[in-house]
>>> print(open('coords_7.tsv').read())   # TSV, C-alpha atoms and all ligand atoms
chain	number	residue	atom	x	y	z
A	1	MET	CA	94.04	-36.44	-246.03
A	2	GLU	CA	97.04	-37.04	-248.11
A	3	ILE	CA	100.49	-37.82	-247.02
A	4	ASP	CA	102.39	-36.61	-249.95
A	5	ASN	CA	105.91	-36.57	-251.23
A	6	ILE	CA	107.34	-39.08	-248.88
A	7	GLU	CA	110.66	-39.90	-250.37
A	8	CYS	CA	111.62	-43.38	-249.53
A	9	VAL	CA	115.30	-43.52	-250.21
A	10	SER	CA	116.58	-47.03	-250.08
A	11	THR	CA	119.08	-47.95	-247.47
A	12	SER	CA	122.38	-49.46	-248.45
A	13	ASP	CA	122.08	-52.33	-246.01
A	14	GLY	CA	118.68	-53.33	-247.21
A	15	GLY	CA	119.65	-56.70	-248.60
A	16	ILE	CA	117.28	-59.49	-247.85
A	17	GLU	CA	118.79	-62.72	-246.71
A	18	ASP	CA	116.86	-65.93	-246.58
A	19	GLU	CA	117.79	-66.28	-242.97
A	20	GLU	CA	116.33	-63.01	-241.94
A	21	ILE	CA	112.93	-64.44	-241.29
A	22	HIS	CA	112.50	-65.57	-237.75
A	23	GLN	CA	109.88	-68.09	-237.05
A	24	SER	CA	111.81	-69.30	-234.13
A	25	SER	CA	109.93	-67.79	-231.28
A	26	VAL	CA	108.72	-71.23	-230.33
A	27	SER	CA	111.65	-73.41	-231.13
A	28	THR	CA	114.32	-71.32	-229.51
A	29	HIS	CA	112.54	-71.14	-226.27
A	30	ASN	CA	113.45	-73.79	-223.90
A	31	PRO	CA	110.35	-75.90	-223.50
A	32	SER	CA	111.21	-76.65	-219.93
A	33	VAL	CA	111.67	-73.07	-218.91
A	34	VAL	CA	108.63	-73.08	-216.72
A	35	MET	CA	109.68	-76.09	-214.76
A	36	GLN	CA	113.06	-74.63	-214.06
A	37	GLN	CA	111.54	-72.09	-211.84
A	38	HIS	CA	112.06	-74.23	-208.81
A	39	HIS	CA	115.59	-72.89	-208.80
A	40	HIS	CA	113.99	-69.70	-207.70
A	41	PRO	CA	111.93	-69.09	-204.63
A	42	PRO	CA	109.18	-71.68	-204.94
A	43	HIS	CA	106.31	-69.26	-204.78
A	44	GLY	CA	108.09	-66.24	-206.09
A	45	PRO	CA	107.65	-64.67	-209.49
A	46	PRO	CA	108.43	-67.02	-212.35
A	47	HIS	CA	111.61	-66.51	-214.19
A	48	LEU	CA	111.02	-66.32	-217.89
A	49	HIS	CA	113.39	-65.29	-220.59
A	50	HIS	CA	111.10	-63.32	-222.81
A	51	GLN	CA	112.04	-59.92	-224.02
A	52	TYR	CA	108.84	-58.43	-222.93
A	53	ALA	CA	107.67	-55.14	-221.75
A	54	SER	CA	104.01	-54.64	-221.62
A	55	SER	CA	102.33	-57.79	-220.41
A	56	LYS	CA	101.73	-58.56	-216.84
A	57	PRO	CA	101.76	-62.03	-215.37
A	58	HIS	CA	98.17	-62.92	-214.69
A	59	HIS	CA	98.61	-66.46	-213.61
A	60	ALA	CA	101.92	-66.51	-211.86
A	61	ASN	CA	100.65	-68.86	-209.21
A	62	ILE	CA	99.62	-71.60	-211.60
A	63	VAL	CA	102.97	-73.29	-211.57
A	64	SER	CA	103.23	-73.76	-207.88
A	65	SER	CA	99.66	-74.95	-207.51
A	66	GLY	CA	99.32	-76.86	-210.76
A	67	ILE	CA	102.21	-79.27	-210.62
A	68	GLY	CA	103.60	-81.64	-208.09
A	69	PRO	CA	106.17	-81.30	-205.37
A	70	THR	CA	109.58	-79.93	-206.16
A	71	SER	CA	111.27	-83.28	-205.60
A	72	VAL	CA	109.62	-84.70	-208.72
A	73	HIS	CA	111.05	-81.87	-210.69
A	74	GLU	CA	114.48	-82.45	-209.24
A	75	LEU	CA	114.10	-86.05	-210.27
A	76	LEU	CA	113.32	-84.93	-213.78
A	77	GLU	CA	116.15	-82.47	-214.03
A	78	CYS	CA	118.85	-83.47	-216.45
A	79	PRO	CA	122.16	-83.46	-214.55
A	80	VAL	CA	123.98	-82.07	-217.56
A	81	CYS	CA	121.83	-79.25	-218.93
A	82	THR	CA	119.46	-78.94	-215.91
A	83	ASN	CA	116.48	-78.80	-218.24
A	84	SER	CA	113.52	-80.95	-217.41
A	85	MET	CA	113.64	-84.34	-219.08
A	86	TYR	CA	110.90	-85.69	-221.26
A	87	PRO	CA	110.72	-88.98	-223.11
A	88	PRO	CA	112.93	-90.46	-224.30
A	89	ILE	CA	114.84	-90.31	-221.02
A	90	HIS	CA	118.06	-92.28	-220.98
A	91	GLN	CA	120.05	-93.86	-218.19
A	92	CYS	CA	123.40	-95.58	-217.77
A	93	HIS	CA	123.94	-99.07	-216.31
A	94	ASN	CA	124.25	-97.46	-212.90
A	95	GLY	CA	120.92	-95.68	-213.23
A	96	HIS	CA	122.12	-92.12	-213.86
A	97	THR	CA	119.62	-90.38	-216.02
A	98	LEU	CA	120.13	-88.01	-218.91
A	99	CYS	CA	117.96	-86.08	-221.33
A	100	SER	CA	117.88	-87.10	-224.96
A	101	THR	CA	119.50	-83.88	-226.15
A	102	CYS	CA	122.47	-84.36	-223.85
A	103	LYS	CA	122.72	-88.04	-224.72
A	104	THR	CA	123.70	-87.14	-228.26
A	105	ARG	CA	126.46	-84.90	-226.92
A	106	VAL	CA	128.23	-87.04	-224.36
A	107	HIS	CA	129.87	-89.55	-226.75
A	108	ASN	CA	128.35	-92.57	-225.06
A	109	ARG	CA	129.90	-91.79	-221.65
A	110	CYS	CA	127.70	-91.27	-218.65
A	111	PRO	CA	128.53	-87.75	-217.50
A	112	THR	CA	127.94	-88.74	-213.89
A	113	CYS	CA	129.98	-91.95	-213.52
A	114	ARG	CA	131.98	-91.91	-216.77
A	115	GLN	CA	130.88	-95.46	-217.59
A	116	GLU	CA	129.72	-96.45	-221.03
A	117	LEU	CA	126.21	-95.13	-221.54
A	118	GLY	CA	124.62	-97.68	-223.89
A	119	ASP	CA	121.05	-97.31	-225.00
A	120	ILE	CA	118.85	-97.79	-221.97
A	121	ARG	CA	115.59	-95.95	-221.55
A	122	CYS	CA	114.21	-95.08	-218.16
A	123	LEU	CA	110.54	-95.91	-218.68
A	124	ALA	CA	109.45	-95.29	-215.11
A	125	LEU	CA	110.73	-91.74	-215.18
A	126	GLU	CA	109.26	-91.24	-218.63
A	127	LYS	CA	105.84	-92.14	-217.23
A	128	VAL	CA	106.30	-89.66	-214.42
A	129	ALA	CA	107.27	-86.96	-216.90
A	130	GLU	CA	104.24	-87.69	-219.07
A	131	SER	CA	101.88	-87.55	-216.12
A	132	LEU	CA	102.80	-84.00	-215.18
A	133	GLU	CA	100.58	-81.18	-216.24
A	134	LEU	CA	102.31	-77.95	-217.03
A	135	PRO	CA	101.18	-74.43	-217.69
A	136	CYS	CA	101.57	-73.04	-221.17
A	137	LYS	CA	104.91	-71.32	-221.33
A	138	TYR	CA	103.14	-68.08	-222.18
A	139	TYR	CA	101.21	-68.08	-218.93
A	140	SER	CA	103.05	-64.95	-217.82
A	141	LEU	CA	101.63	-63.28	-220.92
A	142	GLY	CA	98.13	-64.21	-219.90
A	143	CYS	CA	97.53	-67.76	-221.12
A	144	PRO	CA	95.64	-69.72	-218.47
A	145	GLU	CA	96.00	-73.16	-220.06
A	146	ILE	CA	97.52	-76.21	-218.39
A	147	PHE	CA	98.44	-79.31	-220.37
A	148	PRO	CA	100.17	-82.64	-220.28
A	149	TYR	CA	103.54	-82.20	-221.86
A	150	TYR	CA	102.83	-83.19	-225.46
A	151	SER	CA	99.59	-81.27	-225.78
A	152	LYS	CA	101.40	-78.37	-224.23
A	153	LEU	CA	103.96	-78.32	-227.02
A	154	LYS	CA	101.20	-78.47	-229.61
A	155	HIS	CA	99.29	-75.72	-227.90
A	156	GLU	CA	102.30	-73.47	-227.51
A	157	ALA	CA	102.99	-73.49	-231.23
A	158	LEU	CA	99.55	-71.92	-231.74
A	159	CYS	CA	98.93	-70.20	-228.43
A	160	ASN	CA	97.19	-66.88	-228.93
A	161	PHE	CA	99.38	-65.37	-226.25
A	162	ARG	CA	102.65	-66.25	-227.91
A	163	PRO	CA	104.69	-63.18	-228.75
A	164	TYR	CA	104.92	-61.80	-232.26
A	165	ASN	CA	108.19	-61.46	-234.11
A	166	CYS	CA	109.31	-58.01	-235.09
A	167	PRO	CA	107.76	-57.34	-238.53
A	168	TYR	CA	110.67	-55.26	-239.74
A	169	ALA	CA	112.21	-57.01	-242.72
A	170	GLY	CA	115.21	-54.94	-243.63
A	171	SER	CA	117.61	-56.51	-241.19
A	172	GLU	CA	117.90	-59.32	-238.75
A	173	CYS	CA	115.83	-58.54	-235.74
A	174	ALA	CA	115.17	-61.03	-233.01
A	175	VAL	CA	112.87	-58.84	-230.97
A	176	THR	CA	109.55	-60.40	-230.00
A	177	GLY	CA	106.67	-59.00	-228.07
A	178	ASP	CA	103.05	-58.02	-228.09
A	179	ILE	CA	101.69	-55.46	-230.53
A	180	PRO	CA	102.06	-52.29	-228.45
A	181	TYR	CA	105.60	-53.29	-227.62
A	182	LEU	CA	106.47	-53.96	-231.27
A	183	VAL	CA	104.88	-50.71	-232.43
A	184	ALA	CA	107.10	-48.79	-230.02
A	185	HIS	CA	110.06	-50.88	-231.10
A	186	LEU	CA	109.45	-50.17	-234.80
A	187	ARG	CA	109.15	-46.49	-234.12
A	188	ASP	CA	112.08	-46.11	-231.73
A	189	ASP	CA	114.57	-48.72	-232.89
A	190	HIS	CA	113.85	-49.06	-236.61
A	191	LYS	CA	112.80	-45.43	-237.09
A	192	VAL	CA	109.77	-46.58	-239.04
A	193	ASP	CA	107.35	-43.95	-240.33
A	194	MET	CA	104.11	-43.94	-238.39
A	195	HIS	CA	100.88	-42.67	-239.87
A	196	THR	CA	97.41	-42.34	-238.53
A	197	GLY	CA	94.57	-42.84	-240.94
A	198	CYS	CA	93.26	-45.42	-243.34
A	199	THR	CA	94.25	-43.84	-246.65
A	200	PHE	CA	97.72	-43.19	-247.89
A	201	ASN	CA	99.58	-41.75	-250.79
A	202	HIS	CA	103.24	-42.57	-250.86
A	203	ARG	CA	105.88	-41.81	-253.37
A	204	TYR	CA	108.75	-44.21	-253.56
A	205	VAL	CA	111.82	-42.68	-255.14
A	206	LYS	CA	115.01	-44.43	-256.08
A	207	SER	CA	117.70	-42.79	-258.13
A	208	ASN	CA	119.21	-45.91	-259.61
A	209	PRO	CA	116.53	-48.57	-259.85
A	210	ARG	CA	118.81	-51.02	-261.65
A	211	GLU	CA	120.95	-51.35	-258.57
A	212	VAL	CA	118.05	-52.68	-256.64
A	213	GLU	CA	117.83	-56.41	-256.91
A	214	ASN	CA	116.90	-57.37	-253.42
A	215	ALA	CA	116.04	-54.57	-251.14
A	216	THR	CA	113.61	-53.79	-248.46
A	217	TRP	CA	112.92	-50.22	-249.12
A	218	MET	CA	110.29	-49.22	-246.84
A	219	LEU	CA	108.11	-50.17	-243.99
A	220	THR	CA	105.39	-47.78	-242.97
A	221	VAL	CA	103.04	-48.39	-240.09
A	222	PHE	CA	99.44	-47.25	-240.29
A	223	HIS	CA	97.23	-46.82	-237.30
A	224	CYS	CA	93.51	-47.00	-237.98
A	225	PHE	CA	90.45	-48.76	-236.58
A	226	GLY	CA	92.43	-49.07	-233.38
A	227	GLN	CA	94.81	-51.46	-235.15
A	228	TYR	CA	98.25	-51.31	-236.68
A	229	PHE	CA	99.14	-52.25	-240.25
A	230	CYS	CA	102.54	-52.61	-241.89
A	231	LEU	CA	102.87	-51.47	-245.47
A	232	HIS	CA	105.88	-53.10	-247.08
A	233	PHE	CA	107.42	-51.95	-250.27
A	234	GLU	CA	110.40	-53.64	-251.76
A	235	ALA	CA	112.27	-54.93	-254.76
A	236	PHE	CA	113.20	-58.49	-255.57
A	237	GLN	CA	113.76	-60.93	-258.41
A	238	LEU	CA	110.66	-62.85	-259.36
A	239	GLY	CA	112.12	-65.64	-261.42
A	240	MET	CA	114.19	-63.74	-263.96
A	241	ALA	CA	112.21	-60.56	-263.66
A	242	PRO	CA	113.01	-57.70	-261.34
A	243	VAL	CA	109.81	-56.58	-259.66
A	244	TYR	CA	108.58	-54.24	-257.00
A	245	MET	CA	106.02	-55.38	-254.55
A	246	ALA	CA	103.80	-53.66	-252.05
A	247	PHE	CA	101.68	-55.46	-249.51
A	248	LEU	CA	100.02	-54.93	-246.18
A	249	ARG	CA	100.39	-56.96	-243.03
A	250	PHE	CA	98.14	-56.78	-240.03
A	251	MET	CA	99.72	-56.49	-236.62
A	252	GLY	CA	97.67	-59.16	-234.93
A	253	ASP	CA	96.34	-62.63	-235.50
A	254	GLU	CA	95.06	-64.07	-238.74
A	255	ASN	CA	91.44	-64.33	-237.72
A	256	GLU	CA	91.45	-60.62	-236.89
A	257	ALA	CA	93.29	-59.74	-240.09
A	258	ARG	CA	90.35	-61.15	-242.04
A	259	ASN	CA	88.18	-58.31	-240.77
A	260	TYR	CA	90.07	-55.86	-242.93
A	261	SER	CA	90.70	-55.29	-246.60
A	262	TYR	CA	92.98	-52.96	-248.42
A	263	SER	CA	93.61	-51.65	-251.87
A	264	LEU	CA	96.77	-50.39	-253.55
A	265	GLU	CA	97.00	-48.43	-256.76
A	266	VAL	CA	99.91	-47.39	-258.86
A	267	GLY	CA	99.90	-45.89	-262.30
A	268	ALA	CA	100.63	-43.06	-264.67
A	269	ASN	CA	100.19	-42.15	-268.31
A	270	GLY	CA	96.75	-43.62	-268.57
A	271	ARG	CA	97.67	-47.03	-267.11
A	272	LYS	CA	96.92	-48.26	-263.66
A	273	LEU	CA	97.49	-51.36	-261.58
A	274	ILE	CA	95.10	-52.02	-258.75
A	275	TRP	CA	95.45	-54.59	-256.03
A	276	GLU	CA	92.77	-55.49	-253.56
A	277	GLY	CA	93.39	-57.96	-250.82
A	278	THR	CA	93.19	-58.97	-247.21
A	279	PRO	CA	96.14	-58.01	-245.05
A	280	ARG	CA	98.19	-60.94	-243.88
A	281	SER	CA	98.91	-61.40	-240.22
A	282	ILE	CA	102.45	-60.67	-239.09
A	283	ARG	CA	102.33	-64.26	-237.83
A	284	ASP	CA	103.13	-64.99	-241.46
A	285	SER	CA	106.69	-64.00	-242.07
A	286	HIS	CA	107.47	-61.19	-244.41
A	287	ARG	CA	109.22	-63.67	-246.66
A	288	LYS	CA	106.27	-66.02	-246.74
A	289	VAL	CA	103.92	-63.25	-247.83
A	290	ARG	CA	106.34	-62.10	-250.47
A	291	ASP	CA	106.87	-65.58	-251.83
A	292	SER	CA	103.14	-66.15	-252.07
A	293	HIS	CA	102.90	-62.99	-254.24
A	294	ASP	CA	100.03	-61.82	-252.07
A	295	GLY	CA	100.27	-58.16	-252.94
A	296	LEU	CA	100.68	-55.57	-255.65
A	297	ILE	CA	103.47	-56.68	-257.96
A	298	ILE	CA	104.88	-54.23	-260.46
A	299	GLN	CA	107.29	-55.35	-263.16
A	300	ARG	CA	110.29	-53.09	-263.25
A	301	ASN	CA	109.65	-52.06	-266.83
A	302	MET	CA	106.15	-51.04	-265.92
A	303	ALA	CA	107.42	-49.30	-262.80
A	304	LEU	CA	109.85	-47.28	-264.89
A	305	PHE	CA	107.08	-46.49	-267.31
A	306	PHE	CA	104.97	-45.27	-264.40
A	307	SER	CA	107.92	-43.20	-263.24
A	308	GLY	CA	107.97	-41.23	-266.49
A	309	GLY	CA	111.01	-39.23	-267.51
A	310	ASP	CA	114.13	-40.93	-268.75
A	311	ARG	CA	113.60	-44.25	-266.92
A	312	LYS	CA	116.74	-43.58	-264.91
A	313	GLU	CA	114.86	-42.89	-261.76
A	314	LEU	CA	112.10	-44.77	-260.06
A	315	LYS	CA	109.29	-42.54	-258.90
A	316	LEU	CA	106.30	-44.59	-257.95
A	317	ARG	CA	103.23	-43.11	-256.42
A	318	VAL	CA	101.34	-45.73	-254.51
A	319	THR	CA	97.97	-44.84	-253.11
A	320	GLY	CA	95.92	-47.08	-250.91
A	321	ARG	CA	93.16	-47.53	-248.47
A	322	ILE	CA	92.38	-49.84	-245.58
A	323	TRP	CA	88.81	-50.61	-244.60
A	324	LYS	CA	86.95	-52.80	-242.22
A	325	GLU	CA	84.78	-55.55	-243.62
A	326	GLN	CA	81.23	-55.43	-242.35
A	327	GLN	CA	79.69	-58.73	-243.36
A	328	ASN	CA	81.11	-60.85	-240.61
A	329	PRO	CA	81.49	-58.79	-237.48
A	330	ASP	CA	82.10	-61.84	-235.31
A	331	ALA	CA	84.88	-63.32	-237.38
A	332	GLY	CA	87.54	-61.56	-235.40
A	333	VAL	CA	86.23	-62.47	-232.01
A	334	CYS	CA	88.33	-65.31	-230.85
A	335	ILE	CA	88.29	-66.58	-227.33
A	336	PRO	CA	91.91	-67.31	-226.55
A	337	ASN	CA	92.83	-70.95	-227.00
A	338	LEU	CA	89.41	-72.08	-228.07
A	339	CYS	CA	90.03	-71.44	-231.70
A	340	SER	CA	93.19	-72.02	-233.62
A	401	ZN	ZN	120.28	-82.59	-220.70
A	402	ZN	ZN	126.33	-93.33	-214.80
A	403	ZN	ZN	99.05	-70.75	-224.22
A	404	ZN	ZN	112.88	-55.15	-234.85
>>> encode(input="coords_7.tsv", output="structure tokens", more="lines below")
Ligand SMILES: [Zn+2]
Ligand SMILES: [Zn+2]
Ligand SMILES: [Zn+2]
Ligand SMILES: [Zn+2]
Amino acid sequence: MEIDNIECVSTSDGGIEDEEIHQSSVSTHNPSVVMQQHHHPPHGPPHLHHQYASSKPHHANIVSSGIGPTSVHELLECPVCTNSMYPPIHQCHNGHTLCSTCKTRVHNRCPTCRQELGDIRCLALEKVAESLELPCKYYSLGCPEIFPYYSKLKHEALCNFRPYNCPYAGSECAVTGDIPYLVAHLRDDHKVDMHTGCTFNHRYVKSNPREVENATWMLTVFHCFGQYFCLHFEAFQLGMAPVYMAFLRFMGDENEARNYSYSLEVGANGRKLIWEGTPRSIRDSHRKVRDSHDGLIIQRNMALFFSGGDRKELKLRVTGRIWKEQQNPDAGVCIPNLCS
């Protein structure tokens, strides 16, 4: 089955900024978000700030049963930002405590008693904070793990339940979620082309290729083998040379991505470029994949040659195929949180 004559007209706002890549799903989340839930009914549903649609809380009762009485958490609540405090915890001469983030903001004045703050640690409270075990902050997304604070931070950076960033690269998008949620988001909000099948045949057309220095032209999503794949096609400067690049990303984790391979072909007039590779996980940012040159790269001159005609118009036909690798059927089986 061929999907032919898809004209991928570039969008005018397709510029790629360095900042567009979000790897901030971990760092922008407040690490103490779980502990703050004692502001809410103690055994009620946890209050998390994820933009999330399709995952159900499986372990909502872990917090109330897994950590100590509420009073300890009140003790550990920073009076300024109300986040839970973790070492280093600071205090003033009068014993008012403060988290380290707030300490840098209060200009050496205790926010409680207005006295000079100094540089006093509160070791006893730090020990209390370290002794607490906390659920992974993605527990509402299904992660059953409970950790002491520092291992929890380490785990959360790699937790298999952490949400994915939106793989769309043409604009800033802060949406995160699981794969079904992001597929719907790409289709509905980014108007991305969706295709079913593991072969494709796309024609990328651009009337003035010399205008294109940095542009995300096209994202197409393919659905095959019960999985989703993002085919990116775009233009950028590689050193001094303007190039076009096509590559595939897998909507899922890296260890699952390794179960698949793909090929891309472009050519005309008796010449052909072929790329064969493994799709990268969308855990790797679009920018990271691009900068590692892990895809089919076509020099602009060659692309114009492939386009034929008067070299005024870019008309690239890219064909490709996705297949499942057979030799290691267990490689993609990963028990959550036991492999990283
Ligand atoms: Zn604070
Ligand atoms: Zn004070
Ligand atoms: Zn986790
Ligand atoms: Zn998005």
>>> atom_distance(input="coords_7.tsv", atom1="CA of Arg283 (chain A)", atom2="CA of Asn165 (chain A)")
7.5 Å
>>> closest_residue(input="coords_7.tsv", among="A:Gly320, A:Gly309, A:Pro87, A:Gly226", to="Glu265 (chain A)", atoms="only C-alpha atoms")
A:Gly320
>>> residues_around(input="coords_7.tsv", residues="Leu296 (chain A)", least_positions_apart="2", cutoff="7 Å", atoms="only C-alpha atoms", output="PyMOL selection string")
chain A and resi 245-247+264+275+298
>>> residues_around(input="coords_7.tsv", residues="His90 (chain A)", least_positions_apart="6", cutoff="7 Å", atoms="only C-alpha atoms", output="number ranges by chain")
A: 97-100, 120-122
>>> residues_near_ligand(input="coords_7.tsv", ligand="ligand ZN 401 (chain A)", cutoff="9 Å", atoms="all atoms listed in the file", output="number ranges by chain")
A: 77-85, 98-103
>>> atom_distance(input="coords_7.tsv", atom1="CA of Ser281 (chain A)", atom2="CA of Phe222 (chain A)")
14.2 Å
>>> atom_distance(input="coords_7.tsv", atom1="CA of Leu182 (chain A)", atom2="CA of Pro163 (chain A)")
9.7 Å
>>> residues_around(input="coords_7.tsv", residues="His155 (chain A)", least_positions_apart="3", cutoff="10 Å", atoms="only C-alpha atoms", output="PyMOL selection string")
chain A and resi 136-137+145-147+149-152+158-160+337+340
>>> residues_near_ligand(input="coords_7.tsv", ligand="ligand ZN 402 (chain A)", cutoff="10 Å", atoms="all atoms listed in the file", output="MDAnalysis selection string")
chainID A and resid 91:98 109:117
>>> residues_near_ligand(input="coords_7.tsv", ligand="ligand ZN 404 (chain A)", cutoff="10 Å", atoms="only C-alpha atoms and all ligand atoms", output="short mmCIF file (atom, residue, chain, number, x, y, z; two decimals) with C-alpha atoms, in the coordinates of the input")
data_model
loop_
_atom_site.label_atom_id
_atom_site.label_comp_id
_atom_site.auth_asym_id
_atom_site.auth_seq_id
_atom_site.Cartn_x
_atom_site.Cartn_y
_atom_site.Cartn_z
CA ASN A 165 108.19 -61.46 -234.11
CA CYS A 166 109.31 -58.01 -235.09
CA PRO A 167 107.76 -57.34 -238.53
CA TYR A 168 110.67 -55.26 -239.74
CA ALA A 169 112.21 -57.01 -242.72
CA GLY A 170 115.21 -54.94 -243.63
CA SER A 171 117.61 -56.51 -241.19
CA GLU A 172 117.90 -59.32 -238.75
CA CYS A 173 115.83 -58.54 -235.74
CA ALA A 174 115.17 -61.03 -233.01
CA VAL A 175 112.87 -58.84 -230.97
CA THR A 176 109.55 -60.40 -230.00
CA GLY A 177 106.67 -59.00 -228.07
CA LEU A 182 106.47 -53.96 -231.27
CA VAL A 183 104.88 -50.71 -232.43
CA ALA A 184 107.10 -48.79 -230.02
CA HIS A 185 110.06 -50.88 -231.10
CA LEU A 186 109.45 -50.17 -234.80
CA ARG A 187 109.15 -46.49 -234.12
CA ASP A 188 112.08 -46.11 -231.73
CA ASP A 189 114.57 -48.72 -232.89
CA HIS A 190 113.85 -49.06 -236.61
CA LYS A 191 112.80 -45.43 -237.09
#
>>> closest_residue(input="coords_7.tsv", among="A:Gly118, A:Arg162, A:Ser131, A:His293", to="ligand ZN 403 (chain A)", atoms="only C-alpha atoms and all ligand atoms")
A:Arg162
>>> residues_around(input="coords_7.tsv", residues="Ile297 (chain A)", least_positions_apart="4", cutoff="12 Å", atoms="all atoms listed in the file", output="list in words")
His232, Phe233, Glu234, Ala235, Phe236, Gln237, Leu238, Ala241, Pro242, Val243, Tyr244, Met245, Ala246, Phe247, Leu264, Glu265, Val266, Leu273, Ile274, Trp275, Glu276, Arg290, Asp291, Ser292, His293, Asn301, Met302, Ala303 and Val318 of chain A
>>> closest_residue(input="coords_7.tsv", among="A:Asp119, A:Glu126, A:Glu156, A:Glu74", to="ligand ZN 403 (chain A)", atoms="all atoms listed in the file")
A:Glu156
>>> closest_residue(input="coords_7.tsv", among="A:Ile179, A:Leu219, A:Leu132, A:Ile322", to="Tyr204 (chain A)", atoms="only C-alpha atoms")
A:Leu219
>>> closest_residue(input="coords_7.tsv", among="A:Leu314, A:Cys143, A:Ala257, A:Cys198", to="ligand ZN 403 (chain A)", atoms="all atoms listed in the file")
A:Cys143
>>> closest_residue(input="coords_7.tsv", among="A:Gly142, A:His73, A:Pro88, A:Lys127", to="ligand ZN 403 (chain A)", atoms="all atoms listed in the file")
A:Gly142
>>> build_atoms(input="coords_7.tsv", residues="region 135-149 of chain A", atoms="N, CA and C atoms", output="mmCIF file, in the coordinates of the input")
data_model
loop_
_atom_site.group_PDB
_atom_site.id
_atom_site.type_symbol
_atom_site.label_atom_id
_atom_site.label_comp_id
_atom_site.auth_asym_id
_atom_site.auth_seq_id
_atom_site.Cartn_x
_atom_site.Cartn_y
_atom_site.Cartn_z
ATOM 1 N N PRO A 135 101.800 -75.605 -217.083
ATOM 2 C CA PRO A 135 101.180 -74.430 -217.690
ATOM 3 C C PRO A 135 101.822 -74.115 -219.024
ATOM 4 N N CYS A 136 101.042 -73.550 -219.916
ATOM 5 C CA CYS A 136 101.570 -73.040 -221.170
ATOM 6 C C CYS A 136 102.721 -72.089 -220.862
ATOM 7 N N LYS A 137 103.749 -72.137 -221.681
ATOM 8 C CA LYS A 137 104.910 -71.320 -221.330
ATOM 9 C C LYS A 137 104.632 -69.834 -221.498
ATOM 10 N N TYR A 138 103.495 -69.495 -222.067
ATOM 11 C CA TYR A 138 103.140 -68.080 -222.180
ATOM 12 C C TYR A 138 102.173 -67.660 -221.071
ATOM 13 N N TYR A 139 102.148 -68.422 -219.987
ATOM 14 C CA TYR A 139 101.210 -68.080 -218.930
ATOM 15 C C TYR A 139 101.497 -66.698 -218.359
ATOM 16 N N SER A 140 102.755 -66.280 -218.356
ATOM 17 C CA SER A 140 103.050 -64.950 -217.820
ATOM 18 C C SER A 140 102.532 -63.858 -218.755
ATOM 19 N N LEU A 141 102.197 -64.248 -219.981
ATOM 20 C CA LEU A 141 101.630 -63.280 -220.920
ATOM 21 C C LEU A 141 100.112 -63.352 -220.922
ATOM 22 N N GLY A 142 99.574 -64.187 -220.065
ATOM 23 C CA GLY A 142 98.130 -64.210 -219.900
ATOM 24 C C GLY A 142 97.446 -65.513 -220.238
ATOM 25 N N CYS A 143 98.185 -66.507 -220.745
ATOM 26 C CA CYS A 143 97.530 -67.760 -221.120
ATOM 27 C C CYS A 143 97.242 -68.598 -219.873
ATOM 28 N N PRO A 144 95.988 -68.976 -219.676
ATOM 29 C CA PRO A 144 95.640 -69.720 -218.470
ATOM 30 C C PRO A 144 95.697 -71.240 -218.630
ATOM 31 N N GLU A 145 96.145 -71.736 -219.768
ATOM 32 C CA GLU A 145 96.000 -73.160 -220.060
ATOM 33 C C GLU A 145 97.051 -74.016 -219.345
ATOM 34 N N ILE A 146 96.618 -75.225 -218.994
ATOM 35 C CA ILE A 146 97.520 -76.210 -218.390
ATOM 36 C C ILE A 146 97.372 -77.505 -219.175
ATOM 37 N N PHE A 147 98.482 -78.149 -219.485
ATOM 38 C CA PHE A 147 98.440 -79.310 -220.370
ATOM 39 C C PHE A 147 99.414 -80.390 -219.919
ATOM 40 N N PRO A 148 99.108 -81.633 -220.280
ATOM 41 C CA PRO A 148 100.170 -82.640 -220.280
ATOM 42 C C PRO A 148 101.221 -82.228 -221.307
ATOM 43 N N TYR A 149 102.403 -82.733 -221.116
ATOM 44 C CA TYR A 149 103.540 -82.200 -221.860
ATOM 45 C C TYR A 149 103.324 -82.105 -223.368
#
